[in-house]
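Novice: query_4.cif is reproduced in full below (mmCIF, all heavy atoms).
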```cif
data_upload
loop_
_atom_site.label_atom_id
_atom_site.label_comp_id
_atom_site.auth_asym_id
_atom_site.auth_seq_id
_atom_site.Cartn_x
_atom_site.Cartn_y
_atom_site.Cartn_z
N MET A 618 -282.71 175.23 54.36
CA MET A 618 -282.00 174.49 55.40
C MET A 618 -282.55 173.07 55.47
O MET A 618 -283.75 172.87 55.45
CB MET A 618 -282.17 175.22 56.72
CG MET A 618 -281.38 174.63 57.84
SD MET A 618 -281.45 175.74 59.24
CE MET A 618 -279.80 175.62 59.80
N GLU A 619 -281.64 172.10 55.54
CA GLU A 619 -282.07 170.71 55.53
C GLU A 619 -282.51 170.26 56.92
O GLU A 619 -282.02 170.74 57.93
CB GLU A 619 -280.94 169.80 55.05
CG GLU A 619 -280.70 169.88 53.56
CD GLU A 619 -279.75 168.80 53.11
OE1 GLU A 619 -279.43 167.91 53.90
OE2 GLU A 619 -279.35 168.85 51.94
N ASN A 620 -283.40 169.33 56.91
CA ASN A 620 -283.90 168.76 58.14
C ASN A 620 -282.87 167.77 58.68
O ASN A 620 -282.38 166.91 57.94
CB ASN A 620 -285.22 168.05 57.83
CG ASN A 620 -285.93 167.54 59.05
OD1 ASN A 620 -285.43 167.64 60.16
ND2 ASN A 620 -287.10 166.98 58.83
N PRO A 621 -282.49 167.83 59.99
CA PRO A 621 -281.52 166.86 60.54
C PRO A 621 -281.99 165.42 60.39
O PRO A 621 -281.19 164.52 60.22
CB PRO A 621 -281.42 167.25 62.01
CG PRO A 621 -281.89 168.65 62.10
CD PRO A 621 -282.86 168.84 60.98
N GLN A 622 -283.29 165.22 60.44
CA GLN A 622 -283.84 163.87 60.26
C GLN A 622 -283.53 163.36 58.86
O GLN A 622 -283.24 162.20 58.67
CB GLN A 622 -285.36 163.92 60.48
CG GLN A 622 -285.99 162.56 60.60
CD GLN A 622 -285.85 161.99 62.00
OE1 GLN A 622 -285.45 162.67 62.92
NE2 GLN A 622 -286.18 160.74 62.14
N GLU A 623 -283.55 164.27 57.89
CA GLU A 623 -283.28 163.90 56.50
C GLU A 623 -281.82 163.50 56.33
O GLU A 623 -281.51 162.55 55.62
CB GLU A 623 -283.61 165.08 55.59
CG GLU A 623 -283.60 164.75 54.13
CD GLU A 623 -284.01 165.95 53.30
OE1 GLU A 623 -285.09 166.51 53.59
OE2 GLU A 623 -283.25 166.31 52.39
N ASN A 624 -280.89 164.22 56.98
CA ASN A 624 -279.48 163.87 56.92
C ASN A 624 -279.24 162.50 57.52
O ASN A 624 -278.45 161.72 57.00
CB ASN A 624 -278.62 164.91 57.65
CG ASN A 624 -278.47 166.17 56.84
OD1 ASN A 624 -278.69 166.18 55.64
ND2 ASN A 624 -278.10 167.23 57.52
N ASN A 625 -279.88 162.21 58.63
CA ASN A 625 -279.75 160.92 59.29
C ASN A 625 -280.25 159.81 58.38
O ASN A 625 -279.65 158.74 58.29
CB ASN A 625 -280.52 160.93 60.61
CG ASN A 625 -280.14 159.77 61.51
OD1 ASN A 625 -279.14 159.11 61.29
ND2 ASN A 625 -280.94 159.53 62.51
N SER A 626 -281.33 160.08 57.67
CA SER A 626 -281.89 159.10 56.76
C SER A 626 -280.93 158.82 55.60
O SER A 626 -280.77 157.67 55.18
CB SER A 626 -283.22 159.60 56.22
OG SER A 626 -283.72 158.73 55.24
N LYS A 627 -280.28 159.87 55.08
CA LYS A 627 -279.32 159.69 53.99
C LYS A 627 -278.15 158.83 54.44
O LYS A 627 -277.66 157.98 53.71
CB LYS A 627 -278.81 161.04 53.50
CG LYS A 627 -279.81 161.82 52.70
CD LYS A 627 -279.21 163.13 52.24
CE LYS A 627 -280.22 163.98 51.51
NZ LYS A 627 -279.64 165.26 51.09
N PHE A 628 -277.67 159.06 55.67
CA PHE A 628 -276.57 158.27 56.20
C PHE A 628 -276.97 156.81 56.34
O PHE A 628 -276.22 155.91 55.97
CB PHE A 628 -276.10 158.82 57.55
CG PHE A 628 -275.03 158.00 58.20
CD1 PHE A 628 -273.74 158.04 57.70
CD2 PHE A 628 -275.30 157.17 59.26
CE1 PHE A 628 -272.73 157.28 58.26
CE2 PHE A 628 -274.32 156.41 59.84
CZ PHE A 628 -273.03 156.46 59.34
N LYS A 629 -278.17 156.58 56.87
CA LYS A 629 -278.64 155.19 57.03
C LYS A 629 -278.77 154.49 55.69
O LYS A 629 -278.41 153.33 55.55
CB LYS A 629 -279.98 155.17 57.77
CG LYS A 629 -279.86 155.40 59.24
CD LYS A 629 -281.21 155.29 59.90
CE LYS A 629 -281.12 155.55 61.38
NZ LYS A 629 -282.42 155.46 62.04
N LYS A 630 -279.27 155.22 54.69
CA LYS A 630 -279.42 154.63 53.35
C LYS A 630 -278.05 154.27 52.78
O LYS A 630 -277.86 153.20 52.22
CB LYS A 630 -280.14 155.63 52.44
CG LYS A 630 -280.45 155.10 51.07
CD LYS A 630 -281.03 156.19 50.19
CE LYS A 630 -282.51 156.03 50.09
NZ LYS A 630 -283.10 156.98 49.13
N TRP A 631 -277.08 155.19 52.92
CA TRP A 631 -275.72 154.95 52.42
C TRP A 631 -275.10 153.76 53.15
O TRP A 631 -274.50 152.89 52.53
CB TRP A 631 -274.86 156.20 52.60
CG TRP A 631 -273.45 156.02 52.16
CD1 TRP A 631 -272.97 156.15 50.90
CD2 TRP A 631 -272.32 155.65 52.98
NE1 TRP A 631 -271.61 155.90 50.88
CE2 TRP A 631 -271.20 155.59 52.15
CE3 TRP A 631 -272.17 155.37 54.34
CZ2 TRP A 631 -269.94 155.25 52.62
CZ3 TRP A 631 -270.92 155.04 54.81
CH2 TRP A 631 -269.82 154.98 53.95
N PHE A 632 -275.25 153.72 54.47
CA PHE A 632 -274.65 152.65 55.26
C PHE A 632 -275.25 151.30 54.90
O PHE A 632 -274.53 150.30 54.80
CB PHE A 632 -274.81 152.92 56.75
CG PHE A 632 -274.02 152.00 57.61
CD1 PHE A 632 -272.65 152.13 57.70
CD2 PHE A 632 -274.63 150.98 58.31
CE1 PHE A 632 -271.90 151.28 58.48
CE2 PHE A 632 -273.89 150.12 59.09
CZ PHE A 632 -272.52 150.26 59.18
N LYS A 633 -276.54 151.24 54.67
CA LYS A 633 -277.17 149.98 54.28
C LYS A 633 -276.65 149.52 52.93
O LYS A 633 -276.51 148.32 52.68
CB LYS A 633 -278.69 150.13 54.23
CG LYS A 633 -279.33 150.15 55.58
CD LYS A 633 -280.83 150.27 55.45
CE LYS A 633 -281.47 150.34 56.83
NZ LYS A 633 -282.93 150.52 56.75
N ARG A 634 -276.35 150.47 52.05
CA ARG A 634 -275.88 150.12 50.71
C ARG A 634 -274.45 149.56 50.76
O ARG A 634 -274.15 148.59 50.08
CB ARG A 634 -275.93 151.36 49.81
CG ARG A 634 -275.97 151.02 48.37
CD ARG A 634 -276.17 152.21 47.44
NE ARG A 634 -276.79 153.37 48.05
CZ ARG A 634 -276.44 154.62 47.81
NH1 ARG A 634 -275.49 154.88 46.95
NH2 ARG A 634 -277.05 155.62 48.40
N VAL A 635 -273.56 150.20 51.51
CA VAL A 635 -272.16 149.74 51.50
C VAL A 635 -271.88 148.70 52.57
O VAL A 635 -270.95 147.91 52.43
CB VAL A 635 -271.17 150.92 51.65
CG1 VAL A 635 -271.29 151.85 50.48
CG2 VAL A 635 -271.32 151.63 52.95
N GLY A 636 -272.64 148.70 53.64
CA GLY A 636 -272.47 147.70 54.69
C GLY A 636 -271.21 147.90 55.50
O GLY A 636 -270.49 148.90 55.39
N TRP A 637 -270.95 146.93 56.37
CA TRP A 637 -269.78 147.01 57.27
C TRP A 637 -268.47 146.95 56.51
O TRP A 637 -267.50 147.60 56.88
CB TRP A 637 -269.82 145.87 58.30
CG TRP A 637 -270.81 146.14 59.39
CD1 TRP A 637 -272.03 145.54 59.54
CD2 TRP A 637 -270.70 147.09 60.44
NE1 TRP A 637 -272.67 146.06 60.62
CE2 TRP A 637 -271.87 147.01 61.20
CE3 TRP A 637 -269.73 148.02 60.81
CZ2 TRP A 637 -272.09 147.82 62.32
CZ3 TRP A 637 -269.95 148.81 61.92
CH2 TRP A 637 -271.11 148.71 62.66
N ALA A 638 -268.43 146.17 55.46
CA ALA A 638 -267.19 146.04 54.69
C ALA A 638 -266.81 147.37 54.06
O ALA A 638 -265.64 147.79 54.10
CB ALA A 638 -267.35 144.97 53.61
N GLY A 639 -267.76 148.07 53.48
CA GLY A 639 -267.48 149.38 52.89
C GLY A 639 -267.08 150.40 53.93
O GLY A 639 -266.17 151.20 53.73
N PHE A 640 -267.78 150.39 55.06
CA PHE A 640 -267.46 151.31 56.15
C PHE A 640 -266.04 151.08 56.66
O PHE A 640 -265.26 152.01 56.83
CB PHE A 640 -268.47 151.14 57.29
CG PHE A 640 -268.25 152.08 58.43
CD1 PHE A 640 -268.57 153.42 58.30
CD2 PHE A 640 -267.74 151.62 59.63
CE1 PHE A 640 -268.37 154.29 59.36
CE2 PHE A 640 -267.54 152.48 60.68
CZ PHE A 640 -267.86 153.82 60.55
N ALA A 641 -265.67 149.81 56.87
CA ALA A 641 -264.33 149.47 57.34
C ALA A 641 -263.28 149.85 56.29
O ALA A 641 -262.22 150.38 56.63
CB ALA A 641 -264.24 147.98 57.66
N PHE A 642 -263.57 149.60 55.03
CA PHE A 642 -262.63 149.93 53.96
C PHE A 642 -262.32 151.42 53.94
O PHE A 642 -261.16 151.82 53.91
CB PHE A 642 -263.21 149.50 52.60
CG PHE A 642 -262.43 150.03 51.43
CD1 PHE A 642 -261.23 149.45 51.08
CD2 PHE A 642 -262.90 151.11 50.70
CE1 PHE A 642 -260.50 149.94 50.00
CE2 PHE A 642 -262.18 151.60 49.62
CZ PHE A 642 -260.97 151.02 49.27
N PHE A 643 -263.36 152.26 53.96
CA PHE A 643 -263.14 153.70 53.88
C PHE A 643 -262.49 154.24 55.16
O PHE A 643 -261.69 155.18 55.10
CB PHE A 643 -264.44 154.44 53.57
CG PHE A 643 -264.86 154.28 52.14
CD1 PHE A 643 -265.99 153.55 51.81
CD2 PHE A 643 -264.12 154.85 51.13
CE1 PHE A 643 -266.37 153.41 50.48
CE2 PHE A 643 -264.49 154.71 49.80
CZ PHE A 643 -265.62 153.98 49.48
N THR A 644 -262.79 153.65 56.30
CA THR A 644 -262.15 154.07 57.55
C THR A 644 -260.66 153.75 57.53
O THR A 644 -259.82 154.60 57.84
CB THR A 644 -262.82 153.39 58.76
OG1 THR A 644 -264.21 153.72 58.75
CG2 THR A 644 -262.20 153.83 60.06
N ILE A 645 -260.32 152.53 57.13
CA ILE A 645 -258.91 152.12 57.07
C ILE A 645 -258.17 152.92 56.00
O ILE A 645 -257.04 153.37 56.23
CB ILE A 645 -258.81 150.60 56.82
CG1 ILE A 645 -259.33 149.85 58.05
CG2 ILE A 645 -257.39 150.19 56.49
CD1 ILE A 645 -259.55 148.38 57.84
N LYS A 646 -258.82 153.15 54.87
CA LYS A 646 -258.20 153.94 53.81
C LYS A 646 -257.89 155.36 54.30
O LYS A 646 -256.81 155.90 54.04
CB LYS A 646 -259.14 153.99 52.61
CG LYS A 646 -258.61 154.77 51.44
CD LYS A 646 -259.65 154.78 50.32
CE LYS A 646 -259.26 155.77 49.25
NZ LYS A 646 -260.25 155.90 48.21
N GLY A 647 -258.81 155.96 55.01
CA GLY A 647 -258.60 157.30 55.56
C GLY A 647 -257.46 157.33 56.55
O GLY A 647 -256.63 158.25 56.55
N LEU A 648 -257.38 156.32 57.42
CA LEU A 648 -256.30 156.26 58.41
C LEU A 648 -254.95 156.07 57.73
O LEU A 648 -253.95 156.68 58.15
CB LEU A 648 -256.56 155.12 59.40
CG LEU A 648 -257.72 155.35 60.36
CD1 LEU A 648 -257.98 154.09 61.17
CD2 LEU A 648 -257.47 156.54 61.26
N ILE A 649 -254.91 155.27 56.68
CA ILE A 649 -253.65 155.07 55.95
C ILE A 649 -253.19 156.38 55.32
O ILE A 649 -252.00 156.71 55.38
CB ILE A 649 -253.81 153.95 54.89
CG1 ILE A 649 -253.92 152.60 55.59
CG2 ILE A 649 -252.65 153.96 53.91
CD1 ILE A 649 -254.28 151.45 54.69
N TRP A 650 -254.11 157.15 54.74
CA TRP A 650 -253.73 158.43 54.15
C TRP A 650 -253.21 159.40 55.21
O TRP A 650 -252.27 160.16 54.96
CB TRP A 650 -254.90 159.06 53.40
CG TRP A 650 -254.98 158.53 52.00
CD1 TRP A 650 -255.96 157.73 51.49
CD2 TRP A 650 -254.04 158.74 50.94
NE1 TRP A 650 -255.69 157.44 50.19
CE2 TRP A 650 -254.52 158.05 49.81
CE3 TRP A 650 -252.85 159.45 50.84
CZ2 TRP A 650 -253.84 158.04 48.60
CZ3 TRP A 650 -252.18 159.44 49.63
CH2 TRP A 650 -252.68 158.75 48.54
N LEU A 651 -253.81 159.39 56.41
CA LEU A 651 -253.31 160.25 57.49
C LEU A 651 -251.88 159.88 57.86
O LEU A 651 -251.03 160.75 58.07
CB LEU A 651 -254.22 160.14 58.72
CG LEU A 651 -255.58 160.81 58.59
CD1 LEU A 651 -256.44 160.49 59.80
CD2 LEU A 651 -255.43 162.31 58.42
N VAL A 652 -251.59 158.58 57.94
CA VAL A 652 -250.24 158.11 58.26
C VAL A 652 -249.26 158.52 57.16
O VAL A 652 -248.15 158.98 57.43
CB VAL A 652 -250.23 156.58 58.47
CG1 VAL A 652 -248.82 156.03 58.55
CG2 VAL A 652 -251.00 156.22 59.73
N ILE A 653 -249.68 158.37 55.90
CA ILE A 653 -248.81 158.74 54.78
C ILE A 653 -248.48 160.23 54.83
O ILE A 653 -247.32 160.62 54.69
CB ILE A 653 -249.47 158.37 53.43
CG1 ILE A 653 -249.46 156.86 53.25
CG2 ILE A 653 -248.77 159.06 52.26
CD1 ILE A 653 -250.28 156.36 52.07
N PHE A 654 -249.49 161.08 55.06
CA PHE A 654 -249.23 162.52 55.12
C PHE A 654 -248.36 162.88 56.32
O PHE A 654 -247.48 163.73 56.22
CB PHE A 654 -250.54 163.31 55.17
CG PHE A 654 -251.22 163.39 53.84
CD1 PHE A 654 -252.55 163.01 53.70
CD2 PHE A 654 -250.55 163.85 52.72
CE1 PHE A 654 -253.18 163.09 52.48
CE2 PHE A 654 -251.18 163.93 51.49
CZ PHE A 654 -252.50 163.55 51.37
N TYR A 655 -248.58 162.21 57.46
CA TYR A 655 -247.79 162.51 58.66
C TYR A 655 -246.31 162.19 58.42
O TYR A 655 -245.44 163.01 58.65
CB TYR A 655 -248.32 161.73 59.86
CG TYR A 655 -247.47 161.91 61.09
CD1 TYR A 655 -247.57 163.07 61.84
CD2 TYR A 655 -246.55 160.93 61.47
CE1 TYR A 655 -246.78 163.25 62.96
CE2 TYR A 655 -245.76 161.11 62.58
CZ TYR A 655 -245.88 162.27 63.33
OH TYR A 655 -245.09 162.45 64.43
N PHE A 656 -246.04 160.98 57.95
CA PHE A 656 -244.65 160.58 57.73
C PHE A 656 -244.03 161.29 56.53
O PHE A 656 -242.83 161.54 56.50
CB PHE A 656 -244.51 159.06 57.61
CG PHE A 656 -244.66 158.36 58.93
CD1 PHE A 656 -245.74 157.54 59.19
CD2 PHE A 656 -243.71 158.53 59.93
CE1 PHE A 656 -245.89 156.91 60.40
CE2 PHE A 656 -243.83 157.91 61.15
CZ PHE A 656 -244.93 157.10 61.39
N GLY A 657 -244.85 161.64 55.55
CA GLY A 657 -244.35 162.40 54.41
C GLY A 657 -243.91 163.79 54.83
O GLY A 657 -242.84 164.27 54.43
N ALA A 658 -244.70 164.45 55.67
CA ALA A 658 -244.33 165.77 56.16
C ALA A 658 -243.10 165.68 57.06
O ALA A 658 -242.22 166.54 57.01
CB ALA A 658 -245.50 166.39 56.93
N ASP A 659 -243.04 164.65 57.87
CA ASP A 659 -241.88 164.44 58.74
C ASP A 659 -240.61 164.23 57.93
O ASP A 659 -239.55 164.78 58.23
CB ASP A 659 -242.13 163.23 59.66
CG ASP A 659 -241.13 163.12 60.77
OD1 ASP A 659 -240.75 164.18 61.34
OD2 ASP A 659 -240.72 161.98 61.09
N THR A 660 -240.71 163.47 56.86
CA THR A 660 -239.57 163.22 55.98
C THR A 660 -239.12 164.51 55.28
O THR A 660 -237.92 164.79 55.18
CB THR A 660 -239.93 162.16 54.93
OG1 THR A 660 -240.35 160.97 55.60
CG2 THR A 660 -238.74 161.83 54.04
N LEU A 661 -240.09 165.30 54.81
CA LEU A 661 -239.75 166.56 54.16
C LEU A 661 -239.07 167.52 55.12
O LEU A 661 -238.13 168.22 54.74
CB LEU A 661 -241.00 167.21 53.56
CG LEU A 661 -241.52 166.60 52.28
CD1 LEU A 661 -242.81 167.27 51.88
CD2 LEU A 661 -240.50 166.73 51.17
N GLN A 662 -239.51 167.55 56.36
CA GLN A 662 -238.89 168.43 57.34
C GLN A 662 -237.45 168.01 57.63
O GLN A 662 -236.57 168.83 57.77
CB GLN A 662 -239.69 168.45 58.64
CG GLN A 662 -240.89 169.36 58.57
CD GLN A 662 -241.60 169.43 59.91
OE1 GLN A 662 -241.40 168.62 60.79
NE2 GLN A 662 -242.47 170.41 60.04
N SER A 663 -237.22 166.70 57.70
CA SER A 663 -235.87 166.23 57.98
C SER A 663 -234.94 166.46 56.77
O SER A 663 -233.74 166.64 56.95
CB SER A 663 -235.87 164.75 58.38
OG SER A 663 -236.30 163.95 57.31
N CYS A 664 -235.50 166.50 55.56
CA CYS A 664 -234.69 166.77 54.37
C CYS A 664 -234.27 168.24 54.32
O CYS A 664 -233.24 168.58 53.74
CB CYS A 664 -235.47 166.44 53.11
SG CYS A 664 -235.64 164.69 52.83
N MET A 665 -235.08 169.11 54.89
CA MET A 665 -234.79 170.55 54.83
C MET A 665 -233.71 170.97 55.81
O MET A 665 -233.15 172.03 55.67
CB MET A 665 -236.08 171.33 55.12
CG MET A 665 -237.16 171.11 54.14
SD MET A 665 -237.34 172.55 53.14
CE MET A 665 -238.75 172.15 52.18
N LYS A 666 -233.45 170.14 56.81
CA LYS A 666 -232.46 170.52 57.84
C LYS A 666 -231.06 170.42 57.33
O LYS A 666 -230.65 169.77 56.48
CB LYS A 666 -232.62 169.65 59.08
CG LYS A 666 -233.90 169.97 59.83
CD LYS A 666 -233.98 169.12 61.04
CE LYS A 666 -235.27 169.42 61.80
NZ LYS A 666 -235.46 168.61 62.96
#
```
Represent the structure from my file as structure tokens, please.

Specialist:
Amino acid sequence: MENPQENNSKFKKWFKRVGWAGFAFFTIKGLIWLVIFYFGADTLQSCMK
């Protein structure tokens, strides 16, 4: 079992490496994919009717 302190350290190391720009990029990219899946599923449902 991993130490919670160790997980926190890994996150801090990753965040320092990518910085705010990387964090913002991946957050926005994730939100865009959620929107694409939401509207894609909505479109498929309307095609089935």

Novice: So the first atom is atom CA of Trp650 of chain A and the second is atom CA of Met665 of chain A; what is the distance between them in Å, to one decimal place?

Specialist: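 Going from atom CA of Trp650 of chain A over to atom CA of Met665 of chain A, I get 22.5 Å.
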
Novice: Put a box with edges along x, y and z around all the listed atoms of segment 646-660 of chain A, pad it by 6 Å on each side, then give me its centre and sizes in Å, one decimal, as JSON.

Specialist:
```
{"center_x": -249.1, "center_y": 159.0, "center_z": 56.3, "size_x": 34.3, "size_y": 27.1, "size_z": 28.2}
```

Novice: Separation of atom N of Gly647 of chain A and atom CD1 of Phe632 of chain A, in Å?

Specialist: 14.6 Å
